[in-house]
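Novice: Take a look at this one; I'll ask things after.
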Amino acid sequence: MKENVFIVHRSEIIRRGLALILQDYFKMEITQLNSAKDLSSFSGINNSIIILIMDAGGDQNSKAIDQFKKNNDVYLIGFYSEDEKQEPGNFFDYQLTELSSALQIQKLVQIIRKAGSKTKNGMQDNGELTLREKDVIKLIALGLSNKEIAEKLFISIHTVISHRKNITEKLGIKSISGLTVFAIMNNLLDIEDINPEELI
Amino acid sequence: MELLHKEDKMSSLISRNYNLLPVINRFGIRLGFKEKTIKEICNDNKIDVDFFLAIVNTYTDESYFPEAELLSFSPLLLIDYLKNTHKYYINYVLPKIERLLNQLLSSCTENCSSLKMISSFYQKYKTELLLHLQLEDEKVFPYIINLFEKRELNADGASIEVLENEHTNVEVKLSDLKNLIIRHMKPTYEDNAMNEFLMALFQFENDLNDHARIEDHILIVQVLELEKELGK
């Protein structure tokens, strides 16, 4: 997967400093932005790992970030100034401060890269659906909710959601009607089982 | 791509990016520019040249945000433009895609069930897209027009961010449609017919992205400013 690294901060000194520290250690291209507003221009990125180091005190442009999350693995790092109160973030996945050492910053990127490669490997077990995933896709196509699917297959809702995520990653199809079409095209389901007017 | 300026020749605009052909048509501009500049052609057609440049540059450069002074034109102009674009989709692009889809279907002689499923999925997509366009035409645009003419916020307090939040479902379906074909289609079709259909989908997806960018980068920016000014 391609990697995109953004540093978003009002201070040019901080932007450049962070970029230098990272590039000392990693071969990576880094986009430096003055304001989170400019993230909107990058909404076309897909199938990438996106690492965002952002000024925790600045605007966050959650709209652009949500857009990223649709098609990418996004890792958010909040960058705090020393006097800012650090609340355990619900917005950020990780934290750095002005006083973080170069080593801490580099370690953090390593952790993220490891997490990123894990999901990638999970996806690459030949791209075929597992039997369980086929069960789930059938029930999705029949119009069942996550809760109903969980009850029917005796698994937790959490597991259903994780199956759905894997299915979407493997097939490149997100919508229920798209998955229904896939199920029928691949004979997982008979067209008679569903009402084509309603579900497709 | 480099941004376009008032003094550039109109003919060079089209040579640089022929995808702008339907865009200039929406302004009432037609071919046969001779040596005229963008500014001259706009004057001839009584078009606000800043407005024209804001639009064509949004198509030209994905990261383009018009400077504040370029946003001084009335959003009502923009709404007219967007409505024209909707008409272009409804009256020209969608029928064209459907024609290609029908050609594709008739090119299939046996085992055509997959293609038929693709066709029903397209119909589903089209229905949703039309609903979305209708929502903009009948709810979102009138709200904005009212906002600028009467300077009144919505009675129920719904701001533009709430109204203009529904691009995504439609985008997902178009992407699903492409992936169903590219990744999962069984080859029971005629290649050229399929390629034409698929290329039309790609082109349309690009158009829609540009269209959404105009809404997000220009229209919504203007409306948010005014909502703020009116005390939202």
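FYI, nothing fancy with the structure tokens labels: chains A, B, ... in order, residues from 1 per chain, ligands from 1 as they appear.
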Tell me which protein, DNA and RNA residues are within 10 Å of B:Glu2, counting only C-alpha atoms, leaving out same-chain ones fewer than 2 positions away, and put them as a ChimeraX atom specification.

Specialist: /B:4-5,16,57,60-61

Novice: Please find the residues of chain A near chain B - the criterion being any atom within 8 Å, counting only C-alpha atoms - and write them as an NGL selection string.

Specialist: :A and (40-42 or 171-175 or 177-178 or 181-182 or 184-185 or 200)

Novice: Set the distance at 9 Å and use only C-alpha atoms: which residues neighbour stretch 97-99 of chain B once local chain neighbours fewer than 5 positions away are removed? I'd like the list as a list in words.

Specialist: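 With the cut-off at 9 Å, the set is Tyr92, Leu104, Tyr122, Glu196, Phe197, Ala200, Leu201 and Phe204 of chain B.
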
Novice: Could the residues in this selection be saved with all heavy atoms as a PDB file, in the first residue's frame?

Specialist:
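Below is the file out_27.pdb, written as the result:
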ATOM      1  N   TYR B  92     -28.675  14.347 -21.201  1.00  0.00           N
ATOM      2  CA  TYR B  92     -27.681  13.859 -22.150  1.00  0.00           C
ATOM      3  C   TYR B  92     -26.872  12.673 -21.630  1.00  0.00           C
ATOM      4  O   TYR B  92     -26.835  11.614 -22.256  1.00  0.00           O
ATOM      5  CB  TYR B  92     -26.753  14.996 -22.590  1.00  0.00           C
ATOM      6  CG  TYR B  92     -25.644  14.509 -23.478  1.00  0.00           C
ATOM      7  CD1 TYR B  92     -25.903  14.112 -24.789  1.00  0.00           C
ATOM      8  CD2 TYR B  92     -24.338  14.392 -22.998  1.00  0.00           C
ATOM      9  CE1 TYR B  92     -24.894  13.620 -25.602  1.00  0.00           C
ATOM     10  CE2 TYR B  92     -23.324  13.908 -23.810  1.00  0.00           C
ATOM     11  CZ  TYR B  92     -23.614  13.525 -25.113  1.00  0.00           C
ATOM     12  OH  TYR B  92     -22.611  13.034 -25.909  1.00  0.00           O
ATOM     13  N   LEU B 104     -24.660  -3.049 -25.013  1.00  0.00           N
ATOM     14  CA  LEU B 104     -23.904  -4.099 -24.346  1.00  0.00           C
ATOM     15  C   LEU B 104     -24.786  -5.319 -24.122  1.00  0.00           C
ATOM     16  O   LEU B 104     -24.393  -6.455 -24.407  1.00  0.00           O
ATOM     17  CB  LEU B 104     -23.380  -3.540 -23.011  1.00  0.00           C
ATOM     18  CG  LEU B 104     -22.612  -4.478 -22.098  1.00  0.00           C
ATOM     19  CD1 LEU B 104     -21.348  -4.962 -22.791  1.00  0.00           C
ATOM     20  CD2 LEU B 104     -22.238  -3.745 -20.813  1.00  0.00           C
ATOM     21  N   TYR B 122     -27.487  -0.802 -12.252  1.00  0.00           N
ATOM     22  CA  TYR B 122     -27.384   0.542 -12.828  1.00  0.00           C
ATOM     23  C   TYR B 122     -28.692   1.320 -12.653  1.00  0.00           C
ATOM     24  O   TYR B 122     -28.690   2.493 -12.298  1.00  0.00           O
ATOM     25  CB  TYR B 122     -27.006   0.479 -14.314  1.00  0.00           C
ATOM     26  CG  TYR B 122     -27.148   1.824 -14.980  1.00  0.00           C
ATOM     27  CD1 TYR B 122     -26.174   2.788 -14.816  1.00  0.00           C
ATOM     28  CD2 TYR B 122     -28.294   2.154 -15.705  1.00  0.00           C
ATOM     29  CE1 TYR B 122     -26.313   4.052 -15.351  1.00  0.00           C
ATOM     30  CE2 TYR B 122     -28.444   3.410 -16.256  1.00  0.00           C
ATOM     31  CZ  TYR B 122     -27.455   4.352 -16.076  1.00  0.00           C
ATOM     32  OH  TYR B 122     -27.601   5.600 -16.596  1.00  0.00           O
ATOM     33  N   GLU B 196     -16.837   0.717 -24.113  1.00  0.00           N
ATOM     34  CA  GLU B 196     -17.507   2.014 -24.254  1.00  0.00           C
ATOM     35  C   GLU B 196     -18.369   2.331 -23.043  1.00  0.00           C
ATOM     36  O   GLU B 196     -18.388   3.449 -22.535  1.00  0.00           O
ATOM     37  CB  GLU B 196     -18.371   2.027 -25.528  1.00  0.00           C
ATOM     38  CG  GLU B 196     -17.555   2.276 -26.771  1.00  0.00           C
ATOM     39  CD  GLU B 196     -18.452   2.633 -27.944  1.00  0.00           C
ATOM     40  OE1 GLU B 196     -19.106   3.688 -27.875  1.00  0.00           O
ATOM     41  OE2 GLU B 196     -18.512   1.836 -28.891  1.00  0.00           O
ATOM     42  N   PHE B 197     -19.077   1.314 -22.573  1.00  0.00           N
ATOM     43  CA  PHE B 197     -19.927   1.502 -21.400  1.00  0.00           C
ATOM     44  C   PHE B 197     -19.081   1.878 -20.188  1.00  0.00           C
ATOM     45  O   PHE B 197     -19.353   2.862 -19.494  1.00  0.00           O
ATOM     46  CB  PHE B 197     -20.720   0.220 -21.128  1.00  0.00           C
ATOM     47  CG  PHE B 197     -21.549   0.256 -19.876  1.00  0.00           C
ATOM     48  CD1 PHE B 197     -22.577   1.191 -19.731  1.00  0.00           C
ATOM     49  CD2 PHE B 197     -21.308  -0.637 -18.836  1.00  0.00           C
ATOM     50  CE1 PHE B 197     -23.342   1.226 -18.573  1.00  0.00           C
ATOM     51  CE2 PHE B 197     -22.077  -0.602 -17.677  1.00  0.00           C
ATOM     52  CZ  PHE B 197     -23.092   0.329 -17.549  1.00  0.00           C
ATOM     53  N   ALA B 200     -17.589   5.330 -20.379  1.00  0.00           N
ATOM     54  CA  ALA B 200     -18.596   6.354 -20.100  1.00  0.00           C
ATOM     55  C   ALA B 200     -18.805   6.485 -18.593  1.00  0.00           C
ATOM     56  O   ALA B 200     -18.996   7.593 -18.072  1.00  0.00           O
ATOM     57  CB  ALA B 200     -19.915   6.014 -20.798  1.00  0.00           C
ATOM     58  N   LEU B 201     -18.753   5.357 -17.868  1.00  0.00           N
ATOM     59  CA  LEU B 201     -18.907   5.424 -16.409  1.00  0.00           C
ATOM     60  C   LEU B 201     -17.740   6.185 -15.769  1.00  0.00           C
ATOM     61  O   LEU B 201     -17.935   7.012 -14.874  1.00  0.00           O
ATOM     62  CB  LEU B 201     -18.986   4.021 -15.797  1.00  0.00           C
ATOM     63  CG  LEU B 201     -20.227   3.184 -16.078  1.00  0.00           C
ATOM     64  CD1 LEU B 201     -20.129   1.855 -15.337  1.00  0.00           C
ATOM     65  CD2 LEU B 201     -21.499   3.914 -15.656  1.00  0.00           C
ATOM     66  N   PHE B 204     -18.131   9.843 -16.450  1.00  0.00           N
ATOM     67  CA  PHE B 204     -19.214  10.407 -15.647  1.00  0.00           C
ATOM     68  C   PHE B 204     -18.771  10.575 -14.200  1.00  0.00           C
ATOM     69  O   PHE B 204     -19.067  11.589 -13.553  1.00  0.00           O
ATOM     70  CB  PHE B 204     -20.449   9.500 -15.732  1.00  0.00           C
ATOM     71  CG  PHE B 204     -21.687  10.094 -15.126  1.00  0.00           C
ATOM     72  CD1 PHE B 204     -21.997  11.439 -15.291  1.00  0.00           C
ATOM     73  CD2 PHE B 204     -22.560   9.309 -14.379  1.00  0.00           C
ATOM     74  CE1 PHE B 204     -23.146  11.988 -14.728  1.00  0.00           C
ATOM     75  CE2 PHE B 204     -23.704   9.849 -13.821  1.00  0.00           C
ATOM     76  CZ  PHE B 204     -23.987  11.185 -13.992  1.00  0.00           C
TER      77      PHE B 204
END

Novice: Could you check the closest approach to B:Glu136 for each of B:Lys6, B:Lys228, B:Lys83, B:Arg26 and tell me which residue wins, using only C-alpha atoms?

Specialist: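 Between B:Lys6, B:Lys228, B:Lys83, B:Arg26, the residue approaching B:Glu136 most closely is B:Lys83.
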
Novice: Which residues come within 8 Å of A:Asp193, counting only C-alpha atoms, excluding same-chain residues fewer than 3 positions away, as a list in words?

Specialist: Leu142, Leu189 and Asp190 of chain A

Novice: Can you write out the residues you just picked, keeping N, CA and C atoms, as a short mmCIF file (atom, residue, chain, number, x, y, z; two decimals), in the first residue's frame?

Specialist:
data_model
loop_
_atom_site.label_atom_id
_atom_site.label_comp_id
_atom_site.auth_asym_id
_atom_site.auth_seq_id
_atom_site.Cartn_x
_atom_site.Cartn_y
_atom_site.Cartn_z
N LEU A 142 -30.09 -10.92 1.72
CA LEU A 142 -31.49 -11.18 2.03
C LEU A 142 -32.10 -10.05 2.85
N LEU A 189 -26.58 -17.09 -4.16
CA LEU A 189 -27.96 -16.81 -3.85
C LEU A 189 -28.73 -16.94 -5.14
N ASP A 190 -29.95 -17.40 -5.01
CA ASP A 190 -30.75 -17.52 -6.20
C ASP A 190 -31.56 -16.23 -6.37
#
